[in-house]
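*Asks:* Below is one structure. I have some questions about it.
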Amino acid sequence: MIEQDLIIVGAGPAGLSAAKVALEAGLRVTIFERGVAVGGQLVKQTHKFFGSKEQYAKTRGIEIAKILYNNLLPYQDHLTIELEATVVAIYHDYVVTVLEKEKYRKYKAKAIIIATGASEKMLGFVNNDLPGVYGAGAVQTLMNLYGVIPGKEVIMVGSGNIGLIVSYQLIQAGVRVKALVEAAPNIGGYKVHASKLKRLGVPILVSTTIKEVMGNDSVEKAVVVSLDENWEMIPGTERVIFADTICIAVGLSPLHQLLSMLEIEMRYIPELGGLVPLVNDHLETSMKNVFVAGDVSGIEEASSAMVEGSLAGLYAAKELKMPHHDHERLERDLHAQLTNLRFGPCGLKTRNGIKKLKESGPC
Amino acid sequence: MGLSNVSVLCYHINNESGEAMRIKNHPILTFQPKEIINFVYNGQAVHGLEGDTIASALHALGIKVLSKSIKTKRPRGFFCAIGNCSSCQMTVNGVPNVKTCITKLEEGMIITSDEGLGVLK
Ligand SMILES: Cc1cc2nc3c(=O)[nH]c(=O)nc-3n(C[C@H](O)[C@H](O)[C@H](O)COP(=O)(O)OP(=O)(O)OC[C@H]3O[C@@H](n4cnc5c(N)ncnc54)[C@H](O)[C@@H]3O)c2cc1C
Ligand code: FES
């Protein structure tokens, strides 16, 4: 069994940022990533990010992934990154089982940071299991990472930023977006993104949802239907739209399975996307030396995932009695950045979620 | 089964939808010409490109149905493309239930649609 100071699960913005701070502090670190590349959700994001300059605003997601990875290069002696390596189990004695190339391997760590991100939510409608019904993130991965389009004509479901951005990227890739449907009476995401689509002639149908898809072996058409103010389908308003792809962008929920396996204390907080772990001010869960960072602890953004990652790395180093040489300053700065990112109307949902989580009981 | 004895029956898959599903012009991304990777899909010789996962290579060929559901035999394709949902599982070089969306395509791979649950060896 290979022993390591710190094991990080997931090489997204949270995991990579955690690694940097922990390596700076002198820890030996192993990162496990089940995908074929580092960067998590960033590797498929071709749009420029919002936010502040500490989190690389105005830079494209794919470029941020490269920057975060390059930041680790000076510490290669202390760092191992395993790709196509899925963490399938973590036990109470800090043993981690990893599935790599059809082989199970065991590792042991003094501290673990879980930064597994999130999974896309599904939506209930008739035949939603037909091939051609894809998550919006999946479509983005297929196009931007592998250069393959999901189909010729798409219906996007959900008008949050992800739905809006992926619709735009589909058009950039030469795919026709036949309609964007949104169950709520208003568009969910930023106006700039929605306006771009409107200018390109994409019909945005609010108070509308998808009722059914049809097709032989894969999607050929869909039935959409209008909703009343109680979100009930209005009979007689059904209409057929021909499309070979349905893209679902109705939100994300934290990938909590490894946490649940450790019987870490969790709460269901809708504002944070679902089941999330209780944490103390050091991002430590109810199990000592097990930390969380990024979307797994509540759905937010890459910017906050990076800051949380850095904090988790900082606290893991401190717990292992190898504090970062600049611990106090970093701690202060990073907490200030988080507060800043969650400020204002856009951060309200997150603030409410965190408040609910804190009030739900001690860790 | 060596690649040389596999029929070339499937070339119509490549030429028709195969090329059509690859992005050629993109305002932001550039897709450099990549090396061809030959593999076998349900007994037919086909190819993907360097950097593909098995699922992306199949999708580029216009193949959306990756397997059938275990009980009711409904068609299954991928859903998440990042290894979460298990919807994309296939048999790879004789090993059943491999998540094809996070498995890199390699030269000479033999890919078949999963049948039922698969057997433990
Ligand atoms: C379309 C879209 C647009 C976005 N736009 C913006 C934006 O403009 N600005 C912004 O700040 N944010 C944006 N985001 C959000 C941002 O991408 C995410 O919040 C961020 O990536 C979360 O980071 P993370 O490190 O927590 O998780 P992820 O990036 O999801 O990384 C988690 C990693 O863990 C790996 N993993 C999971 N489970 C395991 C396991 N068991 N074993 C091994 N590895 C595992 C995954 O493969 C993944 O690589 C956008 C998201 C999307 C989908
Ligand atoms: S498509 Fe979800 S695991 Fe492969």
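Identifiers for the structure tokens are assigned positionally: chains receive A, B, ... in sequence, residues are indexed from 1 per chain, and ligands are indexed from 1 in the order shown.
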Which residues, written as a ChimeraX atom specification, have at least one atom at most 8 Å from segment 70-72 of chain B, with only C-alpha atoms counted and residues fewer than 6 positions away on the same chain left out?

*Replies:* /B:115-117

*Asks:* For the selection you just gave me, I'd like the residues written to a file as a short mmCIF file (atom, residue, chain, number, x, y, z; two decimals), in the first residue's frame, keeping all heavy atoms.

*Replies:*
data_model
loop_
_atom_site.label_atom_id
_atom_site.label_comp_id
_atom_site.auth_asym_id
_atom_site.auth_seq_id
_atom_site.Cartn_x
_atom_site.Cartn_y
_atom_site.Cartn_z
N GLU B 115 -24.27 -7.21 -23.20
CA GLU B 115 -25.48 -8.04 -23.24
C GLU B 115 -25.77 -8.44 -21.81
O GLU B 115 -24.96 -9.10 -21.18
CB GLU B 115 -25.23 -9.30 -24.06
CG GLU B 115 -24.87 -9.02 -25.50
CD GLU B 115 -26.07 -9.22 -26.43
OE1 GLU B 115 -27.03 -9.86 -25.99
OE2 GLU B 115 -26.02 -8.72 -27.56
N GLY B 116 -26.91 -8.05 -21.27
CA GLY B 116 -27.27 -8.43 -19.91
C GLY B 116 -26.30 -7.85 -18.91
O GLY B 116 -25.75 -6.77 -19.10
N LEU B 117 -26.07 -8.60 -17.83
CA LEU B 117 -25.28 -8.08 -16.72
C LEU B 117 -23.78 -8.26 -16.88
O LEU B 117 -23.00 -7.64 -16.17
CB LEU B 117 -25.70 -8.76 -15.42
CG LEU B 117 -27.09 -8.41 -14.89
CD1 LEU B 117 -27.50 -9.37 -13.80
CD2 LEU B 117 -27.08 -6.99 -14.34
#

*Asks:* Pull out every residue of chain A sitting within 6 Å of chain B, counting only C-alpha atoms, and send them as a PyMOL selection string.

*Replies:* chain A and resi 35+131+134-135+138+147-149+173

*Asks:* Keeping only all heavy atoms, write those residues as a PDB file, in the first residue's frame.

*Replies:*
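Result saved to out.pdb:
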ATOM      1  N   GLY A  35     -11.197  11.224 -15.029  1.00  0.00           N
ATOM      2  CA  GLY A  35     -11.246  11.611 -16.442  1.00  0.00           C
ATOM      3  C   GLY A  35      -9.897  11.430 -17.122  1.00  0.00           C
ATOM      4  O   GLY A  35      -8.918  11.005 -16.499  1.00  0.00           O
ATOM      5  N   PRO A 131     -31.532   7.339 -26.206  1.00  0.00           N
ATOM      6  CA  PRO A 131     -30.293   7.976 -26.633  1.00  0.00           C
ATOM      7  C   PRO A 131     -30.609   9.257 -27.412  1.00  0.00           C
ATOM      8  O   PRO A 131     -31.552   9.284 -28.197  1.00  0.00           O
ATOM      9  CB  PRO A 131     -29.652   6.925 -27.542  1.00  0.00           C
ATOM     10  CG  PRO A 131     -30.175   5.622 -27.023  1.00  0.00           C
ATOM     11  CD  PRO A 131     -31.582   5.910 -26.590  1.00  0.00           C
ATOM     12  N   TYR A 134     -29.334  14.118 -23.571  1.00  0.00           N
ATOM     13  CA  TYR A 134     -28.010  14.246 -22.964  1.00  0.00           C
ATOM     14  C   TYR A 134     -27.969  15.383 -21.956  1.00  0.00           C
ATOM     15  O   TYR A 134     -28.693  16.373 -22.092  1.00  0.00           O
ATOM     16  CB  TYR A 134     -26.954  14.536 -24.034  1.00  0.00           C
ATOM     17  CG  TYR A 134     -26.837  13.487 -25.122  1.00  0.00           C
ATOM     18  CD1 TYR A 134     -26.600  13.851 -26.435  1.00  0.00           C
ATOM     19  CD2 TYR A 134     -26.949  12.127 -24.817  1.00  0.00           C
ATOM     20  CE1 TYR A 134     -26.477  12.896 -27.438  1.00  0.00           C
ATOM     21  CE2 TYR A 134     -26.824  11.166 -25.811  1.00  0.00           C
ATOM     22  CZ  TYR A 134     -26.599  11.551 -27.116  1.00  0.00           C
ATOM     23  OH  TYR A 134     -26.473  10.610 -28.100  1.00  0.00           O
ATOM     24  N   GLY A 135     -27.106  15.275 -20.986  1.00  0.00           N
ATOM     25  CA  GLY A 135     -26.847  16.393 -20.085  1.00  0.00           C
ATOM     26  C   GLY A 135     -26.155  17.511 -20.861  1.00  0.00           C
ATOM     27  O   GLY A 135     -25.408  17.240 -21.804  1.00  0.00           O
ATOM     28  N   ALA A 138     -22.528  17.163 -20.754  1.00  0.00           N
ATOM     29  CA  ALA A 138     -22.053  16.073 -21.609  1.00  0.00           C
ATOM     30  C   ALA A 138     -21.887  16.565 -23.037  1.00  0.00           C
ATOM     31  O   ALA A 138     -20.901  16.273 -23.708  1.00  0.00           O
ATOM     32  CB  ALA A 138     -23.034  14.910 -21.565  1.00  0.00           C
ATOM     33  N   GLY A 147     -14.435  17.501 -30.080  1.00  0.00           N
ATOM     34  CA  GLY A 147     -14.710  18.013 -31.425  1.00  0.00           C
ATOM     35  C   GLY A 147     -15.818  17.283 -32.153  1.00  0.00           C
ATOM     36  O   GLY A 147     -15.821  17.206 -33.374  1.00  0.00           O
ATOM     37  N   VAL A 148     -16.761  16.730 -31.391  1.00  0.00           N
ATOM     38  CA  VAL A 148     -17.858  15.967 -32.003  1.00  0.00           C
ATOM     39  C   VAL A 148     -19.179  16.643 -31.626  1.00  0.00           C
ATOM     40  O   VAL A 148     -19.388  16.988 -30.466  1.00  0.00           O
ATOM     41  CB  VAL A 148     -17.850  14.507 -31.494  1.00  0.00           C
ATOM     42  CG1 VAL A 148     -19.036  13.721 -32.046  1.00  0.00           C
ATOM     43  CG2 VAL A 148     -16.538  13.819 -31.871  1.00  0.00           C
ATOM     44  N   ILE A 149     -20.066  16.828 -32.606  1.00  0.00           N
ATOM     45  CA  ILE A 149     -21.356  17.437 -32.277  1.00  0.00           C
ATOM     46  C   ILE A 149     -22.340  16.353 -31.825  1.00  0.00           C
ATOM     47  O   ILE A 149     -22.229  15.198 -32.242  1.00  0.00           O
ATOM     48  CB  ILE A 149     -21.953  18.235 -33.461  1.00  0.00           C
ATOM     49  CG1 ILE A 149     -21.991  17.388 -34.733  1.00  0.00           C
ATOM     50  CG2 ILE A 149     -21.191  19.527 -33.681  1.00  0.00           C
ATOM     51  CD1 ILE A 149     -22.746  18.039 -35.882  1.00  0.00           C
ATOM     52  N   ALA A 173     -20.649  25.571 -32.935  1.00  0.00           N
ATOM     53  CA  ALA A 173     -20.166  24.305 -33.508  1.00  0.00           C
ATOM     54  C   ALA A 173     -20.968  23.909 -34.743  1.00  0.00           C
ATOM     55  O   ALA A 173     -20.762  22.831 -35.296  1.00  0.00           O
ATOM     56  CB  ALA A 173     -20.228  23.206 -32.452  1.00  0.00           C
TER      57      ALA A 173
END

*Asks:* In Å, rounded to a single decimal, give me how far atom CA of Ser17 of chain A is from atom 19 (O, counted along the ligand's line) of ligand 1.

*Replies:*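 Answer for the atom 19 (O, counted along the ligand's line) of ligand 1 to atom CA of Ser17 of chain A separation: 13.2 Å.
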
*Asks:* So how many Å separate atom 44 (N, counted along the ligand's line) of ligand 1 and atom CA of Ala115 of chain A, to one decimal?

*Replies:*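 So the two atoms, atom 44 (N, counted along the ligand's line) of ligand 1 and atom CA of Ala115 of chain A, lie 8.0 Å apart.
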
*Asks:* Restricting the calculation to only C-alpha atoms and all ligand atoms, which member of A:Glu120, A:Glu63, A:Glu263, A:Glu319 is positioned closest to ligand 1?

*Replies:*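 Using only C-alpha atoms and all ligand atoms, ligand 1 sits closest to A:Glu120.
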
*Asks:* Go through A:Gln55, A:Ser159, A:Asn144, A:Gln45 and flag the residue nearest Pro203 of chain A, using only C-alpha atoms for the distances.

*Replies:* A:Ser159

*Asks:* Could you report the residues within 7 Å of ligand 1, using only C-alpha atoms and all ligand atoms, as number ranges by chain?

*Replies:* A: 9-15, 32-35, 38-42, 45, 47-51, 85-88, 115-118, 137, 161-162, 165-166, 255, 293-296, 299-305; B: 82

*Asks:* Atom CA of Met266 of chain A and atom CA of His335 of chain A, how far apart in Å?

*Replies:*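 Separating atom CA of His335 of chain A from atom CA of Met266 of chain A is a distance of 22.9 Å.
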
*Asks:* Go through segment 138-191 of chain A and collect every residue that DSSP, computed from the backbone, puts in strand (DSSP E or B); the answer should be as number ranges by chain.

*Replies:* A: 148, 153-157, 176-181

*Asks:* Okay, now the selection with N, CA, C and O atoms, as a CSV table (one decimal), in the first residue's frame?

*Replies:*
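Saved as out03.csv:
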chain,number,residue,atom,x,y,z
A,148,VAL,N,-16.8,16.7,-31.4
A,148,VAL,CA,-17.9,16.0,-32.0
A,148,VAL,C,-19.2,16.6,-31.6
A,148,VAL,O,-19.4,17.0,-30.5
A,153,GLU,N,-29.9,19.0,-34.7
A,153,GLU,CA,-30.9,19.9,-34.2
A,153,GLU,C,-31.2,19.6,-32.7
A,153,GLU,O,-31.5,18.5,-32.4
A,154,VAL,N,-31.1,20.7,-31.9
A,154,VAL,CA,-31.2,20.5,-30.5
A,154,VAL,C,-32.3,21.3,-29.8
A,154,VAL,O,-32.6,22.4,-30.3
A,155,ILE,N,-32.9,20.7,-28.8
A,155,ILE,CA,-33.8,21.5,-27.9
A,155,ILE,C,-33.1,21.5,-26.6
A,155,ILE,O,-32.7,20.5,-26.0
A,156,MET,N,-32.9,22.8,-26.1
A,156,MET,CA,-32.2,22.9,-24.8
A,156,MET,C,-33.3,23.1,-23.7
A,156,MET,O,-34.3,23.8,-23.9
A,157,VAL,N,-33.2,22.4,-22.6
A,157,VAL,CA,-34.1,22.5,-21.5
A,157,VAL,C,-33.5,23.2,-20.3
A,157,VAL,O,-32.5,22.6,-19.8
A,176,ARG,N,-28.0,23.4,-35.0
A,176,ARG,CA,-29.1,24.3,-34.9
A,176,ARG,C,-29.9,24.2,-33.6
A,176,ARG,O,-30.2,23.0,-33.2
A,177,VAL,N,-30.1,25.2,-32.9
A,177,VAL,CA,-30.8,25.2,-31.6
A,177,VAL,C,-32.3,25.6,-31.9
A,177,VAL,O,-32.6,26.7,-32.2
A,178,LYS,N,-33.2,24.5,-31.9
A,178,LYS,CA,-34.5,24.8,-32.4
A,178,LYS,C,-35.3,25.6,-31.4
A,178,LYS,O,-36.2,26.3,-31.8
A,179,ALA,N,-35.1,25.3,-30.1
A,179,ALA,CA,-35.8,26.1,-29.1
A,179,ALA,C,-35.1,25.9,-27.8
A,179,ALA,O,-34.4,24.9,-27.5
A,180,LEU,N,-35.2,26.9,-26.9
A,180,LEU,CA,-34.8,26.8,-25.5
A,180,LEU,C,-36.0,26.8,-24.6
A,180,LEU,O,-36.8,27.8,-24.7
A,181,VAL,N,-36.3,25.8,-23.9
A,181,VAL,CA,-37.6,25.8,-23.1
A,181,VAL,C,-37.2,26.0,-21.6
A,181,VAL,O,-36.2,25.5,-21.1

*Asks:* Let me make sure I understand: among A:Ile113, A:Thr46, A:Leu227, A:Asn186, which one has the smallest atom-to-atom distance to Leu145 of chain A if we use only C-alpha atoms?

*Replies:*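 Nearest candidate to Leu145 of chain A out of A:Ile113, A:Thr46, A:Leu227, A:Asn186: A:Thr46.
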
*Asks:* Report as a CSV table (one decimal) with all heavy atoms, in the first residue's frame all protein, DNA and RNA residues lying within 7 Å of Leu262 of chain A, evaluated on only C-alpha atoms, omitting residues in the same chain fewer than 4 positions from it.

*Replies:*
chain,number,residue,atom,x,y,z
A,90,ILE,N,-13.6,5.0,0.1
A,90,ILE,CA,-12.7,5.5,1.2
A,90,ILE,C,-13.2,4.9,2.5
A,90,ILE,O,-14.4,4.8,2.7
A,90,ILE,CB,-12.7,7.1,1.2
A,90,ILE,CG1,-12.5,7.7,-0.2
A,90,ILE,CG2,-11.7,7.6,2.2
A,90,ILE,CD1,-12.5,9.2,-0.2
A,91,TYR,N,-12.3,4.5,3.3
A,91,TYR,CA,-12.6,3.8,4.6
A,91,TYR,C,-12.3,4.7,5.8
A,91,TYR,O,-11.5,5.6,5.7
A,91,TYR,CB,-12.0,2.4,4.7
A,91,TYR,CG,-12.3,1.6,3.5
A,91,TYR,CD1,-11.5,1.5,2.4
A,91,TYR,CD2,-13.5,0.8,3.4
A,91,TYR,CE1,-11.8,0.7,1.3
A,91,TYR,CE2,-13.9,0.1,2.3
A,91,TYR,CZ,-13.0,0.0,1.3
A,91,TYR,OH,-13.4,-0.7,0.2
A,92,HIS,N,-12.8,4.2,6.9
A,92,HIS,CA,-12.6,5.0,8.1
A,92,HIS,C,-11.1,5.1,8.6
A,92,HIS,O,-10.8,6.0,9.3
A,92,HIS,CB,-13.5,4.5,9.3
A,92,HIS,CG,-14.9,4.8,9.0
A,92,HIS,ND1,-15.8,3.8,8.6
A,92,HIS,CD2,-15.6,5.9,9.1
A,92,HIS,CE1,-17.0,4.3,8.5
A,92,HIS,NE2,-16.9,5.6,8.8
A,258,LEU,N,-18.9,9.4,-2.0
A,258,LEU,CA,-17.7,9.0,-1.2
A,258,LEU,C,-17.9,9.5,0.3
A,258,LEU,O,-17.5,8.8,1.2
A,258,LEU,CB,-16.4,9.6,-1.7
A,258,LEU,CG,-16.0,9.0,-3.1
A,258,LEU,CD1,-14.8,9.7,-3.7
A,258,LEU,CD2,-15.7,7.5,-2.9

*Asks:* Can you pull out the residues contacting Asn42 of chain B? Cut-off 8 Å, using only C-alpha atoms, and skip same-chain residues under 6 positions away; I want them as a PyMOL selection string.

*Replies:* chain B and resi 110-113

*Asks:* What would the file look like if the residues just selected were written as an mmCIF file, in the first residue's frame with N, CA and C atoms?

*Replies:*
data_model
loop_
_atom_site.group_PDB
_atom_site.id
_atom_site.type_symbol
_atom_site.label_atom_id
_atom_site.label_comp_id
_atom_site.auth_asym_id
_atom_site.auth_seq_id
_atom_site.Cartn_x
_atom_site.Cartn_y
_atom_site.Cartn_z
ATOM 1 N N ILE B 110 -11.392 -3.973 -29.127
ATOM 2 C CA ILE B 110 -12.584 -4.678 -29.592
ATOM 3 C C ILE B 110 -13.750 -4.246 -28.703
ATOM 4 N N ILE B 111 -14.679 -3.525 -29.277
ATOM 5 C CA ILE B 111 -15.787 -2.972 -28.503
ATOM 6 C C ILE B 111 -17.074 -3.666 -28.911
ATOM 7 N N THR B 112 -17.822 -4.172 -27.942
ATOM 8 C CA THR B 112 -19.139 -4.737 -28.269
ATOM 9 C C THR B 112 -20.172 -4.201 -27.291
ATOM 10 N N SER B 113 -21.414 -4.181 -27.728
ATOM 11 C CA SER B 113 -22.495 -3.734 -26.854
ATOM 12 C C SER B 113 -22.662 -4.748 -25.736
#

*Asks:* If we count only C-alpha atoms and set the cut-off at 8 Å, which residues sit around Leu311 of chain A, ignoring sequence neighbours fewer than 6 positions away in its own chain? Please answer as a list in words.

*Replies:*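 Near neighbours after the sequence-gap exclusion: Ala18, His282, Leu283, Glu331 and Leu334 of chain A.
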
*Asks:* Looking only at the backbone, which of the residues in chain B does DSSP tag as alpha helix (DSSP H), as a ChimeraX atom specification?

*Replies:* /B:11-13,19-20,54-60
